[in-house]
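Notes follow the structure.
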Amino acid sequence: MSDPVLEQLYAQYDEIIDQMNDEFDSHQFILELAHRYQREYIEALYQFRNDISNAGPFGQLHSKLATRLRTHHSDRLRHLENHESKNIFGRDSECAQWRKIT
């Protein structure tokens with residue numbers, strides 16, 4: 001079963017990919033998505049407001065967004081490696097690095 005709020009964000013992936021540099025990482029992608037589609041991002045984040053796991057609401061949402069990027073855009077992106085990158089809170093954490101397929 002799909003989630004309509006998340007689907008609104010997923011629908012913007014191609015546009016965001018087009019705007020990204022030739023190489024980018026999942027943190028950069030999510031930050032750009034959140035910036036351009038703030039209302040939709042906040043609505044999606046709100047769905048995880050009661051999450052009490054170590055990941056918390058942001059971690060749960062970002063995991064779903066990153067998973068969707070990995071599983072649904074293999075025709076447009078090549079996974080390079082995982083590397084350390086600053087997350088939305090400015091903390092180092094591991095995420096996927098991508099290169100656009102041209």
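Just remember, in the structure tokens the first chain shown is A, the second B, etc., residues are 1-based per chain, and ligands are 1-based in the order shown.
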Find the residues near Asp14 in chain A: any atom within 10 Å, counting only C-alpha atoms, skip ones fewer than 3 places away on the same chain, and give them as a list in words.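 What passes the distance filter is Tyr10, Ala11, Ile17, Asp18, Gln19, Leu69, His73 and Arg76 of chain A.
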For N, CA and C atoms, I'd like the residues from the last selection saved as a short mmCIF file (atom, residue, chain, number, x, y, z; two decimals), in the first residue's frame.
```cif
data_model
loop_
_atom_site.label_atom_id
_atom_site.label_comp_id
_atom_site.auth_asym_id
_atom_site.auth_seq_id
_atom_site.Cartn_x
_atom_site.Cartn_y
_atom_site.Cartn_z
N TYR A 10 7.96 11.50 -3.72
CA TYR A 10 8.57 10.60 -4.71
C TYR A 10 8.35 11.12 -6.13
N ALA A 11 7.21 11.74 -6.36
CA ALA A 11 6.87 12.25 -7.70
C ALA A 11 7.83 13.35 -8.15
N ILE A 17 16.66 15.16 -9.27
CA ILE A 17 17.85 14.54 -9.88
C ILE A 17 18.38 15.43 -11.01
N ASP A 18 17.48 15.95 -11.83
CA ASP A 18 17.90 16.83 -12.93
C ASP A 18 18.65 18.06 -12.43
N GLN A 19 18.29 18.56 -11.26
CA GLN A 19 18.90 19.78 -10.72
C GLN A 19 20.20 19.53 -9.96
N LEU A 69 15.16 6.30 -3.52
CA LEU A 69 16.16 6.76 -4.49
C LEU A 69 16.96 5.57 -5.00
N HIS A 73 15.52 4.37 -9.12
CA HIS A 73 16.19 5.25 -10.06
C HIS A 73 17.49 4.68 -10.59
N ARG A 76 18.72 5.93 -13.89
CA ARG A 76 19.24 7.29 -13.98
C ARG A 76 20.51 7.51 -13.18
#
```
Near Ala96 in chain A, within 6 Å and counting only C-alpha atoms, which residues show up once chain neighbours fewer than 2 positions away are dropped, as a ChimeraX atom specification? /A:25-26,81-82
If you count only C-alpha atoms, the residue of A:Ile42, A:Ile52, A:Leu31, A:Leu6 closest to Lys86 in chain A turns out to be A:Leu31
Return as an NGL selection string the full set of residues in chain A whose backbone-based DSSP assignment is strand (DSSP E). :A and (23-25 or 77-86 or 92-100)
Expected file: the selected residues, C-alpha atoms, as a PDB file, in the first residue's frame:
```pdb
ATOM      1  CA  GLU A  23      27.772  13.494  -8.519  1.00  0.00           C
ATOM      2  CA  PHE A  24      25.860  13.933  -5.275  1.00  0.00           C
ATOM      3  CA  ASP A  25      24.961  11.998  -2.181  1.00  0.00           C
ATOM      4  CA  LEU A  77      21.851   6.834 -11.262  1.00  0.00           C
ATOM      5  CA  ARG A  78      24.821   4.670 -10.507  1.00  0.00           C
ATOM      6  CA  HIS A  79      25.740   4.000  -6.895  1.00  0.00           C
ATOM      7  CA  LEU A  80      29.422   4.848  -6.438  1.00  0.00           C
ATOM      8  CA  GLU A  81      30.027   4.009  -2.795  1.00  0.00           C
ATOM      9  CA  ASN A  82      28.896   4.868   0.673  1.00  0.00           C
ATOM     10  CA  HIS A  83      30.784   7.680   2.353  1.00  0.00           C
ATOM     11  CA  GLU A  84      30.663   9.992   5.346  1.00  0.00           C
ATOM     12  CA  SER A  85      28.630  13.115   4.758  1.00  0.00           C
ATOM     13  CA  LYS A  86      26.940  15.778   6.869  1.00  0.00           C
ATOM     14  CA  ASP A  92      28.647  13.030   9.975  1.00  0.00           C
ATOM     15  CA  SER A  93      26.868   9.857   8.975  1.00  0.00           C
ATOM     16  CA  GLU A  94      27.196   7.367   6.167  1.00  0.00           C
ATOM     17  CA  CYS A  95      25.132   7.686   3.018  1.00  0.00           C
ATOM     18  CA  ALA A  96      25.203   6.660  -0.630  1.00  0.00           C
ATOM     19  CA  GLN A  97      27.058   8.658  -3.235  1.00  0.00           C
ATOM     20  CA  TRP A  98      25.554   8.794  -6.741  1.00  0.00           C
ATOM     21  CA  ARG A  99      26.600   9.611 -10.283  1.00  0.00           C
ATOM     22  CA  LYS A 100      24.091  10.492 -12.968  1.00  0.00           C
TER      23      LYS A 100
END
```
Nearby residues (only C-alpha atoms) at most 9 Å from Ile16 in chain A, same-chain spacing under 6 positions excluded, as a ChimeraX atom specification: /A:29,32-33,36
For the residues in the current selection, export N, CA and C atoms as a PDB file, in the first residue's frame.
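Result file follows (part00.pdb):
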```
ATOM      1  N   PHE A  29      20.693  15.172  -1.759  1.00  0.00           N
ATOM      2  CA  PHE A  29      19.428  14.982  -2.466  1.00  0.00           C
ATOM      3  C   PHE A  29      18.244  15.274  -1.543  1.00  0.00           C
ATOM      4  N   GLU A  32      17.874  18.970  -0.773  1.00  0.00           N
ATOM      5  CA  GLU A  32      17.303  19.702  -1.910  1.00  0.00           C
ATOM      6  C   GLU A  32      15.804  19.427  -2.046  1.00  0.00           C
ATOM      7  N   LEU A  33      15.416  18.178  -1.881  1.00  0.00           N
ATOM      8  CA  LEU A  33      13.996  17.807  -1.928  1.00  0.00           C
ATOM      9  C   LEU A  33      13.222  18.536  -0.837  1.00  0.00           C
ATOM     10  N   ARG A  36      12.962  22.383  -1.706  1.00  0.00           N
ATOM     11  CA  ARG A  36      12.058  22.721  -2.812  1.00  0.00           C
ATOM     12  C   ARG A  36      10.601  22.364  -2.525  1.00  0.00           C
TER      13      ARG A  36
END
```
Just how far from CA of Leu9 in chain A is CA of Asn50 in chain A, in Å to one decimal? 20.4 Å
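Interatomic distance, CA of Ser74 in chain A against CA of Tyr46 in chain A: 28.6 Å.
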Rounded to one decimal place, report the CA of Gly90 in chain A-CA of His27 in chain A distance in Å. 10.2 Å
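Residue nearest Val5 in chain A within the list A:Asn54, A:Ser63, A:Gln38, A:Gln47: A:Gln47 [criterion: smallest interatomic distance, only C-alpha atoms].
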Env of Gln8 in chain A: 10 Å cut, atoms = only C-alpha atoms, seq-sep filter 3 positions within chain, self excluded. Answer as a compact mmCIF listing (two decimals) with N, CA and C atoms, in the first residue's frame.
```txt
# COMPACT_ATOMS: atom_id res chain seq x y z
N ASP A 3 1.77 5.30 0.33
CA ASP A 3 1.45 6.40 1.22
C ASP A 3 1.32 7.66 0.36
N PRO A 4 0.14 8.28 0.30
CA PRO A 4 -0.06 9.44 -0.58
C PRO A 4 0.88 10.61 -0.27
N VAL A 5 1.19 10.82 0.99
CA VAL A 5 2.07 11.93 1.35
C VAL A 5 3.49 11.67 0.84
N ALA A 11 7.21 11.74 -6.36
CA ALA A 11 6.87 12.25 -7.70
C ALA A 11 7.83 13.35 -8.15
N GLN A 12 8.56 13.94 -7.21
CA GLN A 12 9.47 15.04 -7.54
C GLN A 12 10.91 14.57 -7.77
N TYR A 13 11.18 13.28 -7.62
CA TYR A 13 12.54 12.78 -7.70
C TYR A 13 13.22 13.11 -9.02
N TYR A 37 10.39 21.35 -1.72
CA TYR A 37 9.02 20.88 -1.44
C TYR A 37 8.80 20.84 0.07
N GLU A 40 5.32 19.50 1.52
CA GLU A 40 5.20 18.05 1.39
C GLU A 40 6.16 17.33 2.34
N TYR A 41 7.37 17.87 2.48
CA TYR A 41 8.35 17.28 3.39
C TYR A 41 7.85 17.33 4.83
N GLU A 43 4.75 17.56 5.87
CA GLU A 43 3.62 16.62 6.01
C GLU A 43 4.12 15.19 6.16
N ALA A 44 5.13 14.81 5.39
CA ALA A 44 5.68 13.46 5.50
C ALA A 44 6.37 13.28 6.84
```
Alpha helix (DSSP H) call set, DSSP backbone run, chain A, as a PyMOL selection string: chain A and resi 4-10+13-19+26-36+38-46+56-72
